[in-house]
file run_36.txt (compact mmCIF, C-alpha atoms and all ligand atoms)
# COMPACT_ATOMS: atom_id res chain seq x y z
CA MET A 789 -9.67 -1.06 19.51
CA HIS A 790 -9.61 1.03 16.35
CA SER A 791 -9.69 4.84 16.54
CA LEU A 792 -11.65 7.03 14.15
CA SER A 793 -10.46 10.59 13.65
CA VAL A 794 -13.14 13.25 14.06
CA ARG A 795 -12.66 16.09 11.65
CA PRO A 796 -15.42 18.26 10.23
CA THR A 797 -16.35 17.69 6.60
CA SER A 798 -16.66 21.45 6.19
CA ALA A 799 -14.41 24.16 7.58
CA THR A 800 -16.89 24.79 10.38
CA MET A 801 -18.10 22.16 12.82
CA ARG A 802 -21.46 22.78 14.44
CA VAL A 803 -22.26 21.01 17.69
CA LEU A 804 -25.63 20.98 19.44
CA CYS A 805 -25.67 20.07 23.15
CA VAL A 806 -29.00 19.06 24.68
CA GLY A 807 -29.34 18.93 28.46
CA ALA A 808 -32.33 18.61 30.78
CA HIS A 809 -30.85 20.46 33.74
CA ALA A 810 -28.06 22.89 34.45
CA ASP A 811 -24.86 20.78 34.87
CA ASP A 812 -25.97 17.74 32.76
CA ILE A 813 -24.07 18.78 29.64
CA GLU A 814 -20.97 19.64 31.64
CA ILE A 815 -20.97 16.33 33.53
CA GLY A 816 -21.73 14.24 30.46
CA CYS A 817 -19.55 15.85 27.82
CA GLY A 818 -17.67 18.79 29.35
CA GLY A 819 -14.32 17.21 28.54
CA LEU A 820 -15.32 16.58 24.93
CA LEU A 821 -16.37 20.23 24.53
CA LEU A 822 -13.12 21.52 26.03
CA ARG A 823 -11.13 19.30 23.67
CA LEU A 824 -13.21 20.18 20.58
CA ILE A 825 -12.57 23.87 21.19
CA GLN A 826 -8.83 23.19 21.51
CA ALA A 827 -8.66 20.93 18.45
CA ILE A 828 -11.03 22.56 15.96
CA PRO A 829 -10.65 26.34 15.50
CA LYS A 830 -14.00 26.83 13.79
CA VAL A 831 -16.20 24.90 16.18
CA GLU A 832 -19.61 26.45 16.82
CA ILE A 833 -21.51 25.21 19.84
CA ASP A 834 -25.20 25.61 20.61
CA TRP A 835 -26.16 24.65 24.14
CA ILE A 836 -29.73 24.24 25.33
CA VAL A 837 -30.87 23.52 28.88
CA PHE A 838 -34.56 22.70 29.30
CA SER A 839 -35.10 23.28 33.01
CA ALA A 840 -33.61 25.91 35.29
CA ASP A 841 -34.91 28.26 37.97
CA ALA A 842 -33.31 31.69 38.34
CA ARG A 843 -30.37 30.47 40.43
CA ARG A 844 -29.63 27.49 38.22
CA GLU A 845 -29.95 29.65 35.10
CA ARG A 846 -27.27 31.95 36.48
CA GLU A 847 -25.10 28.92 37.15
CA THR A 848 -25.59 27.47 33.69
CA ARG A 849 -24.78 30.80 32.04
CA ARG A 850 -21.58 31.10 34.08
CA SER A 851 -20.66 27.50 33.37
CA ALA A 852 -21.28 27.76 29.63
CA GLY A 853 -19.07 30.86 29.64
CA LEU A 854 -16.22 28.78 31.10
CA PHE A 855 -16.69 25.62 29.04
CA LEU A 856 -17.31 27.41 25.72
CA LYS A 857 -14.54 30.00 26.00
CA GLY A 858 -12.61 30.00 22.74
CA ALA A 859 -15.38 28.55 20.56
CA ALA A 860 -15.83 30.29 17.20
CA ARG A 861 -19.46 30.85 18.21
CA ALA A 862 -21.37 29.90 21.32
CA GLY A 863 -25.17 30.02 21.63
CA LEU A 864 -26.94 29.36 24.91
CA LYS A 865 -30.66 28.84 25.41
CA VAL A 866 -32.27 28.19 28.78
CA LYS A 867 -35.87 26.94 29.05
CA HIS A 868 -37.95 26.73 32.18
CA PHE A 869 -39.82 23.43 32.04
CA ARG A 870 -40.61 21.98 35.45
CA ASP A 871 -37.87 19.72 36.80
CA GLY A 872 -39.07 16.10 36.97
CA PHE A 873 -42.19 16.68 34.85
CA PHE A 874 -40.89 16.50 31.27
CA PRO A 875 -43.06 13.49 30.29
CA TYR A 876 -46.09 15.67 31.09
CA HIS A 877 -44.86 18.60 28.99
CA GLY A 878 -44.11 16.49 25.93
CA SER A 879 -45.88 18.58 23.31
CA GLN A 880 -44.29 21.88 24.40
CA ILE A 881 -40.85 20.27 24.57
CA LYS A 882 -41.42 18.73 21.14
CA GLN A 883 -42.12 22.22 19.79
CA VAL A 884 -38.71 23.37 21.04
CA PHE A 885 -37.14 20.50 19.09
CA GLU A 886 -39.14 21.46 15.99
CA ARG A 887 -37.56 24.91 16.18
CA LEU A 888 -34.09 23.37 16.66
CA LYS A 889 -34.69 21.31 13.53
CA LYS A 890 -35.21 24.47 11.47
CA ALA A 891 -31.87 25.97 12.54
CA GLN A 892 -28.59 25.24 10.75
CA PRO A 893 -28.11 21.46 10.86
CA PRO A 894 -25.53 20.36 13.45
CA ASP A 895 -22.63 18.07 12.54
CA LEU A 896 -22.81 16.48 15.98
CA VAL A 897 -25.64 16.29 18.52
CA LEU A 898 -24.84 15.47 22.15
CA THR A 899 -27.79 14.27 24.18
CA HIS A 900 -28.83 12.11 27.12
CA TYR A 901 -28.47 8.34 27.24
CA ARG A 902 -31.57 6.52 25.96
CA GLU A 903 -31.72 4.19 28.99
CA ASP A 904 -31.14 6.93 31.57
CA ARG A 905 -33.44 6.35 34.56
CA HIS A 906 -34.22 10.05 34.98
CA GLN A 907 -37.48 10.64 33.15
CA ASP A 908 -36.51 14.16 32.00
CA HIS A 909 -33.28 12.83 30.50
CA ARG A 910 -35.09 10.04 28.65
CA VAL A 911 -37.65 12.40 27.12
CA LEU A 912 -34.89 14.56 25.64
CA SER A 913 -33.00 11.54 24.34
CA GLU A 914 -36.11 10.24 22.56
CA LEU A 915 -36.95 13.63 21.07
CA THR A 916 -33.36 14.06 19.89
CA TRP A 917 -33.60 10.82 17.89
CA ASN A 918 -37.10 11.77 16.60
CA THR A 919 -35.86 15.14 15.43
CA PHE A 920 -32.42 14.44 14.00
CA ARG A 921 -32.83 11.54 11.59
CA ASP A 922 -29.73 12.00 9.49
CA HIS A 923 -27.20 13.29 11.97
CA TRP A 924 -24.36 12.12 14.11
CA ILE A 925 -25.69 11.68 17.67
CA LEU A 926 -23.70 10.72 20.74
CA GLU A 927 -25.47 10.02 24.03
CA TYR A 928 -23.60 11.02 27.18
CA GLU A 929 -23.90 9.49 30.64
CA ILE A 930 -24.75 10.99 34.04
CA PRO A 931 -23.81 9.05 37.21
CA LYS A 932 -26.63 8.99 39.74
CA PHE A 933 -28.23 7.26 42.74
CA ASP A 934 -30.41 5.14 40.45
CA GLY A 935 -27.38 3.21 39.25
CA ASP A 936 -28.20 3.27 35.56
CA LEU A 937 -24.73 3.35 34.05
CA GLY A 938 -24.37 0.96 31.15
CA ALA A 939 -21.60 -0.09 28.81
CA PRO A 940 -20.89 2.79 26.42
CA ASN A 941 -19.21 1.98 23.13
CA CYS A 942 -17.51 5.22 22.11
CA PHE A 943 -14.65 6.74 24.10
CA LEU A 944 -12.77 10.01 24.09
CA PRO A 945 -9.44 9.69 25.96
CA LEU A 946 -8.75 12.84 27.96
CA ASP A 947 -5.57 14.29 29.38
CA THR A 948 -5.47 14.83 33.13
CA ASP A 949 -5.46 18.63 32.84
CA THR A 950 -8.71 18.63 30.85
CA CYS A 951 -10.37 16.35 33.42
CA ARG A 952 -9.24 18.61 36.25
CA ARG A 953 -10.52 21.70 34.46
CA LYS A 954 -13.89 20.05 33.95
CA VAL A 955 -14.16 19.12 37.62
CA GLU A 956 -12.91 22.52 38.77
CA TYR A 957 -15.52 24.34 36.66
CA LEU A 958 -18.29 22.05 37.92
CA SER A 959 -17.23 22.46 41.55
CA SER A 960 -16.77 26.22 41.38
CA VAL A 961 -19.98 27.08 39.51
CA PHE A 962 -22.70 24.78 40.80
CA GLY A 963 -23.11 25.94 44.38
CA SER A 964 -26.73 24.76 44.31
CA GLN A 965 -25.56 21.14 43.95
CA ARG A 966 -22.82 20.99 46.60
CA ASP A 967 -25.08 19.40 49.22
CA LYS A 968 -25.94 16.50 46.88
CA HIS A 969 -24.07 13.43 48.05
CA TRP A 970 -23.03 12.40 44.54
CA PHE A 971 -21.87 15.82 43.33
CA THR A 972 -18.17 15.50 44.11
CA GLY A 973 -14.96 15.73 42.17
CA GLU A 974 -14.24 12.12 43.12
CA THR A 975 -17.45 10.92 41.42
CA PHE A 976 -16.59 12.72 38.20
CA MET A 977 -12.90 11.78 38.19
CA GLY A 978 -13.78 8.21 39.19
CA LEU A 979 -16.15 7.71 36.26
CA MET A 980 -13.65 9.20 33.82
CA ARG A 981 -10.94 6.95 35.29
CA LEU A 982 -13.09 3.85 34.72
CA ARG A 983 -13.88 4.85 31.14
CA GLY A 984 -10.20 5.63 30.58
CA MET A 985 -9.30 2.16 31.79
CA GLU A 986 -11.85 0.64 29.38
CA CYS A 987 -10.27 2.34 26.35
CA ARG A 988 -6.63 2.23 27.50
CA ALA A 989 -6.40 6.04 27.55
CA PRO A 990 -2.78 7.25 27.74
CA ASP A 991 -3.46 9.45 30.81
CA GLY A 992 -5.95 6.94 32.21
CA TYR A 993 -9.07 9.11 31.76
CA ALA A 994 -11.87 9.31 29.21
CA GLU A 995 -15.46 10.33 28.66
CA ALA A 996 -17.67 7.69 27.13
CA PHE A 997 -20.72 7.84 24.90
CA TYR A 998 -23.27 5.65 23.18
CA SER A 999 -22.97 5.77 19.42
CA ARG A 1000 -25.93 3.72 18.24
CA LYS A 1001 -25.32 3.74 14.50
CA THR A 1002 -22.18 4.09 12.45
CA VAL A 1003 -22.25 4.10 8.65
CA LEU A 1004 -18.97 3.25 6.97
CA GLN A 1005 -17.85 4.93 3.76
CA LEU A 1006 -14.96 3.47 1.82
ZN ZN A 1101 -30.29 16.12 34.79
call {"tool": "encode", "arguments": {"input": "run_36.txt", "output": "structure tokens"}}
result
Amino acid sequence: MHSLSVRPTSATMRVLCVGAHADDIEIGCGGLLLRLIQAIPKVEIDWIVFSADARRERETRRSAGLFLKGAARAGLKVKHFRDGFFPYHGSQIKQVFERLKKAQPPDLVLTHYREDRHQDHRVLSELTWNTFRDHWILEYEIPKFDGDLGAPNCFLPLDTDTCRRKVEYLSSVFGSQRDKHWFTGETFMGLMRLRGMECRAPDGYAEAFYSRKTVLQL
């Protein structure tokens, strides 16, 4: 497997993270965000969650504070669309994306997996691709009961400490999710271990993404 180095073309790297629910971004790409902040001093991260009640909004704000600590700039937006009903709120959600499009263009957009079986996740993935036509987009994965994990084609090897930090933040912040049978450190470490095995990560762990298009420049 060949590795491509990710370095911003300008001094600043802007990253936009799109998540349907509190905890999606952290589960899907929390390790990548922690590593970007370590590796790139001028990384600016905008984080938008589309559905959260008051308790989950508090959790997402606390979580973003932990994951984005050290970023050159961190912006957090929380919307209140009804959980599970995104396909029926398409036009209002599209308007949010229209406003995102008018902001400073991101160098990297992190969004949900196109084939995710959760309807809210799929709506955001589709609108991400509709909105950002000339951008670098990576789709992250969320393990779930539906069993919709696929075969991602882009890997970020992670050191064990970063994986543990990700899991510790998730476990400590999201009290509302602790009774969910899948929300365990073992699930998150297990998925990262599998992805690490698939890319021969030195520490054995990785997060994986879908990168649908790559344009080569020589
Ligand atoms: Zn979700």
call {"tool": "residues_around", "arguments": {"input": "run_36.txt", "residues": "Met985 in chain A", "least_positions_apart": "3", "cutoff": "12 Å", "atoms": "all atoms listed in the file", "output": "PyMOL selection string"}}
result
chain A and resi 943-946+978-982+988-996
call {"tool": "residues_near_ligand", "arguments": {"input": "run_36.txt", "ligand": "ligand ZN 1101 (chain A)", "cutoff": "6 Å", "atoms": "all atoms listed in the file", "output": "JSON list (two decimals) with C-alpha atoms, in the coordinates of the input"}}
result
[["chain", "number", "residue", "atom", "x", "y", "z"],
["A", 808, "ALA", "CA", -32.33, 18.61, 30.78],
["A", 809, "HIS", "CA", -30.85, 20.46, 33.74],
["A", 812, "ASP", "CA", -25.97, 17.74, 32.76]]
call {"tool": "atom_distance", "arguments": {"input": "run_36.txt", "atom1": "CA of His923 in chain A", "atom2": "CA of Val866 in chain A"}}
result
23.0 Å
call {"tool": "closest_residue", "arguments": {"input": "run_36.txt", "among": "A:Arg952, A:Arg1000, A:Arg870, A:Arg844", "to": "Tyr928 in chain A", "atoms": "all atoms listed in the file"}}
result
A:Arg1000
call {"tool": "residues_around", "arguments": {"input": "run_36.txt", "residues": "Leu822 in chain A", "least_positions_apart": "4", "cutoff": "12 Å", "atoms": "only C-alpha atoms", "output": "ChimeraX atom specification"}}
result
/A:813-814,817-818,826-829,831,833,852-859,944,946-947,949-955,957,995
call {"tool": "atom_distance", "arguments": {"input": "run_36.txt", "atom1": "CA of Ala840 in chain A", "atom2": "CA of Leu937 in chain A"}}
result
24.3 Å
call {"tool": "closest_residue", "arguments": {"input": "run_36.txt", "among": "A:Leu1004, A:Ile881, A:Ala891, A:Val837", "to": "Ser851 in chain A", "atoms": "only C-alpha atoms"}}
result
A:Val837
call {"tool": "closest_residue", "arguments": {"input": "run_36.txt", "among": "A:Asp922, A:Glu886, A:Asp871, A:Glu927", "to": "Glu903 in chain A", "atoms": "all atoms listed in the file"}}
result
A:Glu927
call {"tool": "decode", "arguments": {"input": "run_36.txt", "residues": "range 828-840 of chain A", "atoms": "all heavy atoms", "output": "PDB file, in the first residue's frame"}}
result
ATOM      1  N   ILE A 828      -0.577  19.511  12.746  1.00  0.00           N
ATOM      2  CA  ILE A 828      -0.673  20.726  11.938  1.00  0.00           C
ATOM      3  C   ILE A 828      -1.023  21.896  12.854  1.00  0.00           C
ATOM      4  O   ILE A 828      -2.145  22.019  13.324  1.00  0.00           O
ATOM      5  CB  ILE A 828      -1.736  20.550  10.824  1.00  0.00           C
ATOM      6  CG1 ILE A 828      -1.322  19.372   9.935  1.00  0.00           C
ATOM      7  CG2 ILE A 828      -1.902  21.824  10.013  1.00  0.00           C
ATOM      8  CD1 ILE A 828      -2.329  18.969   8.902  1.00  0.00           C
ATOM      9  N   PRO A 829      -0.046  22.773  13.127  1.00  0.00           N
ATOM     10  CA  PRO A 829      -0.279  23.836  14.122  1.00  0.00           C
ATOM     11  C   PRO A 829      -1.437  24.749  13.751  1.00  0.00           C
ATOM     12  O   PRO A 829      -2.165  25.217  14.616  1.00  0.00           O
ATOM     13  CB  PRO A 829       1.045  24.604  14.137  1.00  0.00           C
ATOM     14  CG  PRO A 829       2.051  23.688  13.529  1.00  0.00           C
ATOM     15  CD  PRO A 829       1.318  22.772  12.598  1.00  0.00           C
ATOM     16  N   LYS A 830      -1.610  25.029  12.461  1.00  0.00           N
ATOM     17  CA  LYS A 830      -2.645  26.001  12.089  1.00  0.00           C
ATOM     18  C   LYS A 830      -3.895  25.319  11.567  1.00  0.00           C
ATOM     19  O   LYS A 830      -4.454  25.727  10.551  1.00  0.00           O
ATOM     20  CB  LYS A 830      -2.091  26.959  11.035  1.00  0.00           C
ATOM     21  CG  LYS A 830      -1.067  27.933  11.600  1.00  0.00           C
ATOM     22  CD  LYS A 830      -0.833  29.066  10.644  1.00  0.00           C
ATOM     23  CE  LYS A 830       0.094  30.102  11.251  1.00  0.00           C
ATOM     24  NZ  LYS A 830       0.427  31.146  10.294  1.00  0.00           N
ATOM     25  N   VAL A 831      -4.339  24.292  12.225  1.00  0.00           N
ATOM     26  CA  VAL A 831      -5.558  23.617  11.777  1.00  0.00           C
ATOM     27  C   VAL A 831      -6.781  24.290  12.416  1.00  0.00           C
ATOM     28  O   VAL A 831      -6.798  24.566  13.615  1.00  0.00           O
ATOM     29  CB  VAL A 831      -5.513  22.095  12.067  1.00  0.00           C
ATOM     30  CG1 VAL A 831      -5.552  21.795  13.548  1.00  0.00           C
ATOM     31  CG2 VAL A 831      -6.627  21.361  11.344  1.00  0.00           C
ATOM     32  N   GLU A 832      -7.745  24.613  11.564  1.00  0.00           N
ATOM     33  CA  GLU A 832      -8.985  25.244  12.029  1.00  0.00           C
ATOM     34  C   GLU A 832     -10.121  24.258  11.788  1.00  0.00           C
ATOM     35  O   GLU A 832     -10.244  23.734  10.678  1.00  0.00           O
ATOM     36  CB  GLU A 832      -9.252  26.539  11.256  1.00  0.00           C
ATOM     37  CG  GLU A 832      -8.157  27.570  11.433  1.00  0.00           C
ATOM     38  CD  GLU A 832      -8.476  28.893  10.751  1.00  0.00           C
ATOM     39  OE1 GLU A 832      -9.499  28.981  10.035  1.00  0.00           O
ATOM     40  OE2 GLU A 832      -7.684  29.827  10.936  1.00  0.00           O
ATOM     41  N   ILE A 833     -10.905  24.019  12.810  1.00  0.00           N
ATOM     42  CA  ILE A 833     -11.913  22.959  12.696  1.00  0.00           C
ATOM     43  C   ILE A 833     -13.307  23.512  12.986  1.00  0.00           C
ATOM     44  O   ILE A 833     -13.548  24.095  14.046  1.00  0.00           O
ATOM     45  CB  ILE A 833     -11.584  21.788  13.653  1.00  0.00           C
ATOM     46  CG1 ILE A 833     -10.198  21.222  13.288  1.00  0.00           C
ATOM     47  CG2 ILE A 833     -12.670  20.701  13.572  1.00  0.00           C
ATOM     48  CD1 ILE A 833      -9.706  20.116  14.180  1.00  0.00           C
ATOM     49  N   ASP A 834     -14.192  23.355  12.018  1.00  0.00           N
ATOM     50  CA  ASP A 834     -15.607  23.679  12.219  1.00  0.00           C
ATOM     51  C   ASP A 834     -16.368  22.371  12.366  1.00  0.00           C
ATOM     52  O   ASP A 834     -16.159  21.436  11.588  1.00  0.00           O
ATOM     53  CB  ASP A 834     -16.151  24.482  11.039  1.00  0.00           C
ATOM     54  CG  ASP A 834     -15.662  25.905  11.099  1.00  0.00           C
ATOM     55  OD1 ASP A 834     -15.989  26.591  12.076  1.00  0.00           O
ATOM     56  OD2 ASP A 834     -14.916  26.313  10.181  1.00  0.00           O
ATOM     57  N   TRP A 835     -17.246  22.331  13.331  1.00  0.00           N
ATOM     58  CA  TRP A 835     -17.898  21.089  13.742  1.00  0.00           C
ATOM     59  C   TRP A 835     -19.383  21.377  13.812  1.00  0.00           C
ATOM     60  O   TRP A 835     -19.796  22.293  14.514  1.00  0.00           O
ATOM     61  CB  TRP A 835     -17.301  20.756  15.109  1.00  0.00           C
ATOM     62  CG  TRP A 835     -17.786  19.620  15.910  1.00  0.00           C
ATOM     63  CD1 TRP A 835     -19.061  19.326  16.265  1.00  0.00           C
ATOM     64  CD2 TRP A 835     -16.954  18.637  16.547  1.00  0.00           C
ATOM     65  NE1 TRP A 835     -19.063  18.219  17.070  1.00  0.00           N
ATOM     66  CE2 TRP A 835     -17.804  17.778  17.261  1.00  0.00           C
ATOM     67  CE3 TRP A 835     -15.575  18.406  16.583  1.00  0.00           C
ATOM     68  CZ2 TRP A 835     -17.312  16.707  18.011  1.00  0.00           C
ATOM     69  CZ3 TRP A 835     -15.097  17.350  17.333  1.00  0.00           C
ATOM     70  CH2 TRP A 835     -15.955  16.499  18.019  1.00  0.00           C
ATOM     71  N   ILE A 836     -20.180  20.657  13.057  1.00  0.00           N
ATOM     72  CA  ILE A 836     -21.623  20.916  13.090  1.00  0.00           C
ATOM     73  C   ILE A 836     -22.389  19.616  13.343  1.00  0.00           C
ATOM     74  O   ILE A 836     -22.166  18.611  12.670  1.00  0.00           O
ATOM     75  CB  ILE A 836     -22.117  21.644  11.810  1.00  0.00           C
ATOM     76  CG1 ILE A 836     -23.634  21.890  11.881  1.00  0.00           C
ATOM     77  CG2 ILE A 836     -21.735  20.933  10.532  1.00  0.00           C
ATOM     78  CD1 ILE A 836     -24.125  22.946  10.918  1.00  0.00           C
ATOM     79  N   VAL A 837     -23.241  19.674  14.356  1.00  0.00           N
ATOM     80  CA  VAL A 837     -24.108  18.541  14.713  1.00  0.00           C
ATOM     81  C   VAL A 837     -25.543  18.969  14.420  1.00  0.00           C
ATOM     82  O   VAL A 837     -25.968  20.048  14.826  1.00  0.00           O
ATOM     83  CB  VAL A 837     -23.932  18.192  16.210  1.00  0.00           C
ATOM     84  CG1 VAL A 837     -24.980  17.176  16.656  1.00  0.00           C
ATOM     85  CG2 VAL A 837     -22.535  17.666  16.473  1.00  0.00           C
ATOM     86  N   PHE A 838     -26.275  18.126  13.713  1.00  0.00           N
ATOM     87  CA  PHE A 838     -27.598  18.526  13.219  1.00  0.00           C
ATOM     88  C   PHE A 838     -28.752  18.181  14.158  1.00  0.00           C
ATOM     89  O   PHE A 838     -29.851  18.688  13.977  1.00  0.00           O
ATOM     90  CB  PHE A 838     -27.848  17.915  11.832  1.00  0.00           C
ATOM     91  CG  PHE A 838     -27.173  18.692  10.739  1.00  0.00           C
ATOM     92  CD1 PHE A 838     -25.809  18.573  10.522  1.00  0.00           C
ATOM     93  CD2 PHE A 838     -27.896  19.563   9.940  1.00  0.00           C
ATOM     94  CE1 PHE A 838     -25.170  19.307   9.532  1.00  0.00           C
ATOM     95  CE2 PHE A 838     -27.271  20.299   8.951  1.00  0.00           C
ATOM     96  CZ  PHE A 838     -25.908  20.175   8.741  1.00  0.00           C
ATOM     97  N   SER A 839     -28.551  17.286  15.095  1.00  0.00           N
ATOM     98  CA  SER A 839     -29.654  16.925  15.983  1.00  0.00           C
ATOM     99  C   SER A 839     -29.137  16.729  17.402  1.00  0.00           C
ATOM    100  O   SER A 839     -28.237  15.913  17.623  1.00  0.00           O
ATOM    101  CB  SER A 839     -30.317  15.631  15.503  1.00  0.00           C
ATOM    102  OG  SER A 839     -31.318  15.235  16.407  1.00  0.00           O
ATOM    103  N   ALA A 840     -29.711  17.476  18.330  1.00  0.00           N
ATOM    104  CA  ALA A 840     -29.349  17.281  19.741  1.00  0.00           C
ATOM    105  C   ALA A 840     -30.418  17.920  20.608  1.00  0.00           C
ATOM    106  O   ALA A 840     -30.841  19.043  20.343  1.00  0.00           O
ATOM    107  CB  ALA A 840     -27.986  17.906  20.035  1.00  0.00           C
TER     108      ALA A 840
END
